[in-house]
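Trainee: This one is input35.pdb, PDB, C-alpha atoms.
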```pdb
MODEL        1
ATOM      1  CA  MET J  19       0.000   0.000   0.000
ATOM      2  CA  ILE J  20       1.221   3.472  -0.863
ATOM      3  CA  ILE J  21      -0.269   6.721   0.399
ATOM      4  CA  LEU J  22       0.207   9.906  -1.596
ATOM      5  CA  LYS J  23      -0.164  12.713   0.945
ATOM      6  CA  THR J  24      -1.287  15.751  -1.049
ATOM      7  CA  ASN J  25      -2.315  19.264  -0.102
ATOM      8  CA  HIS J  26      -5.851  18.159  -1.097
ATOM      9  CA  GLY J  27      -5.898  14.980   1.033
ATOM     10  CA  ASP J  28      -4.597  11.412   0.943
ATOM     11  CA  ILE J  29      -4.753   9.004  -1.985
ATOM     12  CA  THR J  30      -4.087   5.343  -1.206
ATOM     13  CA  VAL J  31      -2.942   3.134  -4.056
ATOM     14  CA  LYS J  32      -2.295  -0.549  -4.528
ATOM     15  CA  LEU J  33       0.293  -1.640  -7.091
ATOM     16  CA  ASP J  34      -0.115  -4.697  -9.332
ATOM     17  CA  PHE J  35       3.181  -6.577  -8.986
ATOM     18  CA  GLU J  36       1.625  -9.730 -10.479
ATOM     19  CA  LYS J  37       0.631  -8.371 -13.910
ATOM     20  CA  THR J  38       3.037  -5.436 -14.213
ATOM     21  CA  PRO J  39       6.113  -6.168 -12.076
ATOM     22  CA  VAL J  40       8.479  -3.796 -13.896
ATOM     23  CA  SER J  41       6.128  -0.794 -13.725
ATOM     24  CA  ALA J  42       5.018  -1.476 -10.140
ATOM     25  CA  GLU J  43       8.614  -1.905  -8.931
ATOM     26  CA  ASN J  44       9.655   1.233 -10.818
ATOM     27  CA  PHE J  45       6.967   3.318  -9.078
ATOM     28  CA  LEU J  46       7.788   1.724  -5.710
ATOM     29  CA  GLN J  47      11.482   2.591  -6.040
ATOM     30  CA  TYR J  48      10.717   6.226  -6.886
ATOM     31  CA  ALA J  49       8.351   6.341  -3.884
ATOM     32  CA  LYS J  50      10.868   4.740  -1.492
ATOM     33  CA  ASN J  51      13.631   7.083  -2.654
ATOM     34  CA  GLY J  52      11.509  10.162  -1.867
ATOM     35  CA  PHE J  53      11.453  11.205  -5.526
ATOM     36  CA  TYR J  54       7.732  12.073  -5.464
ATOM     37  CA  ASP J  55       7.974  14.163  -2.272
ATOM     38  CA  ASN J  56       7.211  17.821  -3.027
ATOM     39  CA  THR J  57       6.283  17.195  -6.660
ATOM     40  CA  ILE J  58       3.069  18.391  -8.256
ATOM     41  CA  PHE J  59       0.193  17.143 -10.335
ATOM     42  CA  HIS J  60       1.279  19.264 -13.296
ATOM     43  CA  ARG J  61      -1.380  18.222 -15.812
ATOM     44  CA  VAL J  62      -5.053  18.056 -14.877
ATOM     45  CA  ILE J  63      -7.796  17.427 -17.420
ATOM     46  CA  LYS J  64     -11.207  17.185 -15.725
ATOM     47  CA  GLY J  65     -12.770  14.631 -18.093
ATOM     48  CA  PHE J  66      -9.605  12.576 -18.591
ATOM     49  CA  MET J  67      -6.884  12.221 -15.947
ATOM     50  CA  VAL J  68      -4.558  13.873 -13.418
ATOM     51  CA  GLN J  69      -0.818  13.507 -14.076
ATOM     52  CA  GLY J  70       2.131  13.929 -11.754
ATOM     53  CA  GLY J  71       5.465  12.556 -10.705
ATOM     54  CA  GLY J  72       7.965  14.649 -12.585
ATOM     55  CA  PHE J  73       7.881  18.364 -11.767
ATOM     56  CA  THR J  74       8.638  20.543  -8.755
ATOM     57  CA  PRO J  75       6.230  23.316  -7.732
ATOM     58  CA  GLU J  76       8.485  25.672  -9.738
ATOM     59  CA  MET J  77       7.771  23.574 -12.876
ATOM     60  CA  GLU J  78      11.331  22.255 -12.968
ATOM     61  CA  GLN J  79      11.478  18.744 -14.393
ATOM     62  CA  LYS J  80      13.271  16.303 -12.109
ATOM     63  CA  GLU J  81      16.015  14.011 -13.358
ATOM     64  CA  THR J  82      14.797  10.421 -13.627
ATOM     65  CA  LEU J  83      16.167   6.916 -13.856
ATOM     66  CA  ALA J  84      16.322   5.134 -17.219
ATOM     67  CA  PRO J  85      12.991   4.506 -18.979
ATOM     68  CA  ILE J  86      11.256   1.162 -18.513
ATOM     69  CA  GLU J  87       9.651  -1.280 -20.916
ATOM     70  CA  ASN J  88       5.936  -0.770 -21.574
ATOM     71  CA  GLU J  89       3.846  -3.520 -19.953
ATOM     72  CA  ALA J  90       0.498  -2.335 -21.328
ATOM     73  CA  ASP J  91       0.186  -5.683 -23.137
ATOM     74  CA  LYS J  92      -0.315  -7.414 -19.756
ATOM     75  CA  GLY J  93      -4.058  -6.769 -19.822
ATOM     76  CA  GLY J  94      -4.648  -3.803 -17.518
ATOM     77  CA  LYS J  95      -7.433  -1.461 -18.593
ATOM     78  CA  ASN J  96      -7.418   2.327 -18.232
ATOM     79  CA  THR J  97     -10.594   2.587 -16.183
ATOM     80  CA  ARG J  98     -11.612   5.178 -13.594
ATOM     81  CA  GLY J  99      -9.323   5.019 -10.557
ATOM     82  CA  THR J 100      -6.437   3.167 -12.182
ATOM     83  CA  LEU J 101      -2.819   4.355 -12.200
ATOM     84  CA  ALA J 102      -0.943   4.252 -15.484
ATOM     85  CA  MET J 103       2.542   5.167 -16.629
ATOM     86  CA  ALA J 104       2.849   8.433 -18.542
ATOM     87  CA  ARG J 105       5.217   8.402 -21.511
ATOM     88  CA  THR J 106       6.183  10.210 -24.697
ATOM     89  CA  SER J 107       5.292   8.996 -28.194
ATOM     90  CA  ASP J 108       7.969   6.305 -27.696
ATOM     91  CA  PRO J 109       6.014   3.402 -26.149
ATOM     92  CA  HIS J 110       8.998   2.410 -23.983
ATOM     93  CA  SER J 111       9.806   5.865 -22.573
ATOM     94  CA  ALA J 112       7.997   5.807 -19.199
ATOM     95  CA  SER J 113      10.097   6.760 -16.189
ATOM     96  CA  SER J 114       8.685   8.533 -13.120
ATOM     97  CA  GLN J 115       5.518  10.220 -14.366
ATOM     98  CA  PHE J 116       2.151   8.574 -13.839
ATOM     99  CA  PHE J 117      -1.486   9.477 -14.142
ATOM    100  CA  ILE J 118      -4.737   8.540 -12.463
ATOM    101  CA  ASN J 119      -7.648   7.956 -14.830
ATOM    102  CA  VAL J 120     -10.666   9.987 -13.651
ATOM    103  CA  VAL J 121     -12.964   8.372 -16.230
ATOM    104  CA  ASP J 122     -12.795   5.175 -18.290
ATOM    105  CA  ASN J 123     -10.211   5.823 -21.030
ATOM    106  CA  GLY J 124     -10.436   2.713 -23.204
ATOM    107  CA  PHE J 125      -8.643   4.452 -26.063
ATOM    108  CA  LEU J 126      -5.449   4.297 -23.929
ATOM    109  CA  ASN J 127      -5.536   0.489 -23.710
ATOM    110  CA  TYR J 128      -3.106  -1.809 -25.493
ATOM    111  CA  THR J 129      -4.299  -3.050 -28.889
ATOM    112  CA  ARG J 130      -1.108  -4.170 -30.646
ATOM    113  CA  SER J 131       2.699  -4.064 -30.318
ATOM    114  CA  ALA J 132       3.158  -1.378 -32.940
ATOM    115  CA  GLY J 133       2.820   2.389 -33.246
ATOM    116  CA  ASP J 134       0.076   3.933 -31.133
ATOM    117  CA  GLY J 135      -1.348   0.479 -30.382
ATOM    118  CA  TRP J 136       0.979   0.081 -27.402
ATOM    119  CA  GLY J 137      -1.257   2.067 -25.104
ATOM    120  CA  TYR J 138      -0.449   3.108 -21.548
ATOM    121  CA  CYS J 139       0.446   0.568 -18.864
ATOM    122  CA  VAL J 140      -1.952   0.311 -15.919
ATOM    123  CA  PHE J 141       0.102  -0.751 -12.896
ATOM    124  CA  GLY J 142      -2.147   0.010  -9.936
ATOM    125  CA  GLU J 143      -5.396   1.405  -8.626
ATOM    126  CA  VAL J 144      -6.700   3.892  -6.105
ATOM    127  CA  THR J 145      -8.178   2.005  -3.143
ATOM    128  CA  GLU J 146      -9.053   5.067  -1.040
ATOM    129  CA  GLY J 147      -9.209   8.750  -1.854
ATOM    130  CA  MET J 148     -11.046   8.969  -5.173
ATOM    131  CA  ASP J 149     -12.846  11.919  -3.592
ATOM    132  CA  VAL J 150      -9.414  13.597  -3.371
ATOM    133  CA  VAL J 151      -8.674  12.694  -7.006
ATOM    134  CA  ASP J 152     -12.058  14.165  -7.980
ATOM    135  CA  ALA J 153     -11.240  17.357  -6.045
ATOM    136  CA  ILE J 154      -7.915  17.599  -7.892
ATOM    137  CA  ARG J 155      -9.525  17.082 -11.281
ATOM    138  CA  ALA J 156     -11.858  20.003 -10.572
ATOM    139  CA  VAL J 157      -9.121  22.591  -9.912
ATOM    140  CA  PRO J 158      -8.801  25.528 -12.324
ATOM    141  CA  THR J 159      -6.043  25.081 -14.921
ATOM    142  CA  GLY J 160      -4.266  27.166 -17.509
ATOM    143  CA  ASN J 161      -1.060  27.468 -19.500
ATOM    144  CA  HIS J 162       2.203  27.853 -17.596
ATOM    145  CA  MET J 163       5.815  27.846 -18.779
ATOM    146  CA  GLY J 164       4.961  26.186 -22.088
ATOM    147  CA  HIS J 165       2.697  23.550 -20.556
ATOM    148  CA  GLN J 166      -1.073  23.241 -20.885
ATOM    149  CA  ASP J 167      -3.644  22.106 -18.315
ATOM    150  CA  VAL J 168      -1.447  23.155 -15.363
ATOM    151  CA  PRO J 169      -3.327  23.852 -12.115
ATOM    152  CA  THR J 170      -3.364  27.591 -11.407
ATOM    153  CA  GLU J 171      -2.548  26.763  -7.757
ATOM    154  CA  ASN J 172      -0.075  23.972  -7.061
ATOM    155  CA  VAL J 173      -1.494  20.531  -6.286
ATOM    156  CA  ILE J 174       1.412  19.098  -4.307
ATOM    157  CA  ILE J 175       2.352  15.534  -3.423
ATOM    158  CA  GLU J 176       3.834  16.532  -0.074
ATOM    159  CA  SER J 177       5.128  13.061   0.804
ATOM    160  CA  VAL J 178       4.635   9.391   0.038
ATOM    161  CA  ILE J 179       4.229   6.683   2.655
ATOM    162  CA  VAL J 180       5.201   3.152   1.619
ATOM    163  CA  ASP J 181       3.687   0.389   3.784
ATOM    164  CA  GLU J 182       4.902  -3.011   2.629
ATOM    165  CA  ALA J 183       3.291  -4.900   5.516
TER     166      ALA J 183
ENDMDL
END
```
Translate the structure described by the file into structure tokens.

Mentor:
Amino acid sequence: MIILKTNHGDITVKLDFEKTPVSAENFLQYAKNGFYDNTIFHRVIKGFMVQGGGFTPEMEQKETLAPIENEADKGGKNTRGTLAMARTSDPHSASSQFFINVVDNGFLNYTRSAGDGWGYCVFGEVTEGMDVVDAIRAVPTGNHMGHQDVPTENVIIESVIVDEA
């Protein structure tokens, strides 16, 4: 169990080590190393998702570990409340950034091992705190430092608690 302690409340997540061991372990290592502490949800789209895990409140991108292999072909679906790895157009470019689906986003699911068919790997789910996620998705957003859909007031992941019991 992992608890994201945000300035909007706590979000508890469970990682799927069985289906997506590489992605789940990747997220766990970032969490254990304190990487996510004092980062922000830097991209919030009300009818889509909330994304975080890579920027400071000053919109400085943090240095990450090497990218991981996309495990979207393991069967996870991008449904409301799931955690997925964010990435660039390269399907195997995910590192620290993740997003929480606030609606069902079937178009992000794996369809084939080519081009845009790779989809986005679901590696966990919110078990408590969807009300907090819903509060985050409702914050006002705008453009900031070349980025779109940035909350006008910082939504901060203040700390992360890892409970492996």

Trainee: Select, from J:Thr100, J:Asn56, J:Asn88, J:Ser114, the residue with the minimum atom-to-atom distance to Glu76 of chain J, counting all atoms listed in the file.

Mentor: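 Nearest candidate to Glu76 of chain J out of J:Thr100, J:Asn56, J:Asn88, J:Ser114: J:Asn56.
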
Trainee: Check the smallest atom-to-atom distance from each of J:Tyr128, J:Phe35, J:Phe59, J:Phe66 to Gln115 of chain J using all atoms listed in the file, then report the winner.

Mentor: J:Phe59

Trainee: Which polymer residues, protein or nucleic acid, are no farther than 12 Å from (-4.3, 25.5, -19.6), counting all atoms listed in the file, as number ranges by chain?

Mentor: J: 60-64, 157-170

Trainee: Each side padded by 5 Å, which centre and which edge lengths in Å (one decimal) define the axis-aligned box around the listed atoms of segment 66-71 of chain J? Give them as lines of an AutoDock Vina configuration file.

Mentor:
```
center_x = -2.1
center_y = 13.1
center_z = -14.6
size_x = 25.1
size_y = 11.7
size_z = 17.9
```

Trainee: So that I can check the surroundings of Val121 of chain J, please list as a PyMOL selection string every protein, DNA and RNA residue that reaches within 8 Å of it, counting only C-alpha atoms and ignoring chain neighbours fewer than 3 positions away.

Mentor: chain J and resi 65-67+97-99

Trainee: How far is it from atom CA of Ser113 of chain J to atom CA of Pro85 of chain J, in Å with one decimal?

Mentor: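 Pair atom CA of Ser113 of chain J / atom CA of Pro85 of chain J returns 4.6 Å.
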
Trainee: Work out how far apart atom CA of Arg130 of chain J and atom CA of Glu43 of chain J are and give it in Å to one decimal.

Mentor: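 Taking atom CA of Arg130 of chain J and atom CA of Glu43 of chain J, their separation equals 23.9 Å.
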
Trainee: I want to know what sits within 9 Å of Gly93 of chain J, based on all atoms listed in the file, with residues of the same chain fewer than 2 positions away left out; could you give that as a PDB file with C-alpha atoms, in the frame of the given file?

Mentor:
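out00.pdb written:
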```pdb
ATOM      1  CA  LYS J  37       0.631  -8.371 -13.910  1.00  0.00           C
ATOM      2  CA  GLU J  89       3.846  -3.520 -19.953  1.00  0.00           C
ATOM      3  CA  ALA J  90       0.498  -2.335 -21.328  1.00  0.00           C
ATOM      4  CA  ASP J  91       0.186  -5.683 -23.137  1.00  0.00           C
ATOM      5  CA  LYS J  95      -7.433  -1.461 -18.593  1.00  0.00           C
ATOM      6  CA  ASN J 127      -5.536   0.489 -23.710  1.00  0.00           C
ATOM      7  CA  TYR J 128      -3.106  -1.809 -25.493  1.00  0.00           C
ATOM      8  CA  CYS J 139       0.446   0.568 -18.864  1.00  0.00           C
ATOM      9  CA  VAL J 140      -1.952   0.311 -15.919  1.00  0.00           C
TER      10      VAL J 140
END
```

Trainee: Which residues, written as a PyMOL selection string, have at least one atom at most 10 Å from Phe125 of chain J, with only C-alpha atoms counted and residues fewer than 4 positions away on the same chain left out?

Mentor: chain J and resi 95-96+129+135+137-138

Trainee: Those residues with C-alpha atoms, as a PDB file, keeping the file's coordinate frame please?

Mentor:
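Ended up saving to again-v8.pdb:
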```
ATOM      1  CA  LYS J  95      -7.433  -1.461 -18.593  1.00  0.00           C
ATOM      2  CA  ASN J  96      -7.418   2.327 -18.232  1.00  0.00           C
ATOM      3  CA  THR J 129      -4.299  -3.050 -28.889  1.00  0.00           C
ATOM      4  CA  GLY J 135      -1.348   0.479 -30.382  1.00  0.00           C
ATOM      5  CA  GLY J 137      -1.257   2.067 -25.104  1.00  0.00           C
ATOM      6  CA  TYR J 138      -0.449   3.108 -21.548  1.00  0.00           C
TER       7      TYR J 138
END
```

Trainee: Tell me which residues the PyMOL selection byres ((chain J and resi 105) around 12) grabs here, as a PyMOL selection string.

Mentor: chain J and resi 69-72+85-88+90+102-104+106-117+126+134+136-139

Trainee: Just the number, please: distance in Å from atom CA of Val173 of chain J to atom CA of Ile118 of chain J, one decimal.

Mentor: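 Atom-to-atom, atom CA of Val173 of chain J and atom CA of Ile118 of chain J are spaced 13.9 Å apart.
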
Trainee: Which of these, J:Glu81, J:Thr38, J:Asp181, J:Leu101, has the shortest distance to Ile21 of chain J once you count only C-alpha atoms?

Mentor: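 Result for the nearest residue to Ile21 of chain J: J:Asp181.
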
Trainee: Would you please work out which residue, of J:Val144, J:Ala84, J:Val150, J:Ile175, is nearest to Lys32 of chain J when using all atoms listed in the file?

Mentor: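 Between J:Val144, J:Ala84, J:Val150, J:Ile175, the residue approaching Lys32 of chain J most closely is J:Val144.
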
Trainee: Find, counting all atoms listed in the file, the residue in J:Ile174, J:Ala156, J:Met19, J:Leu83 that gets nearest to Asn51 of chain J.

Mentor: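 Selected residue with least distance to Asn51 of chain J: J:Leu83.
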
Trainee: From the list J:Glu176, J:Gly94, J:Val68, J:Ser131, which residue is nearest Arg155 of chain J when using all atoms listed in the file?

Mentor: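 Using all atoms listed in the file, the shortest distance to Arg155 of chain J belongs to J:Val68.
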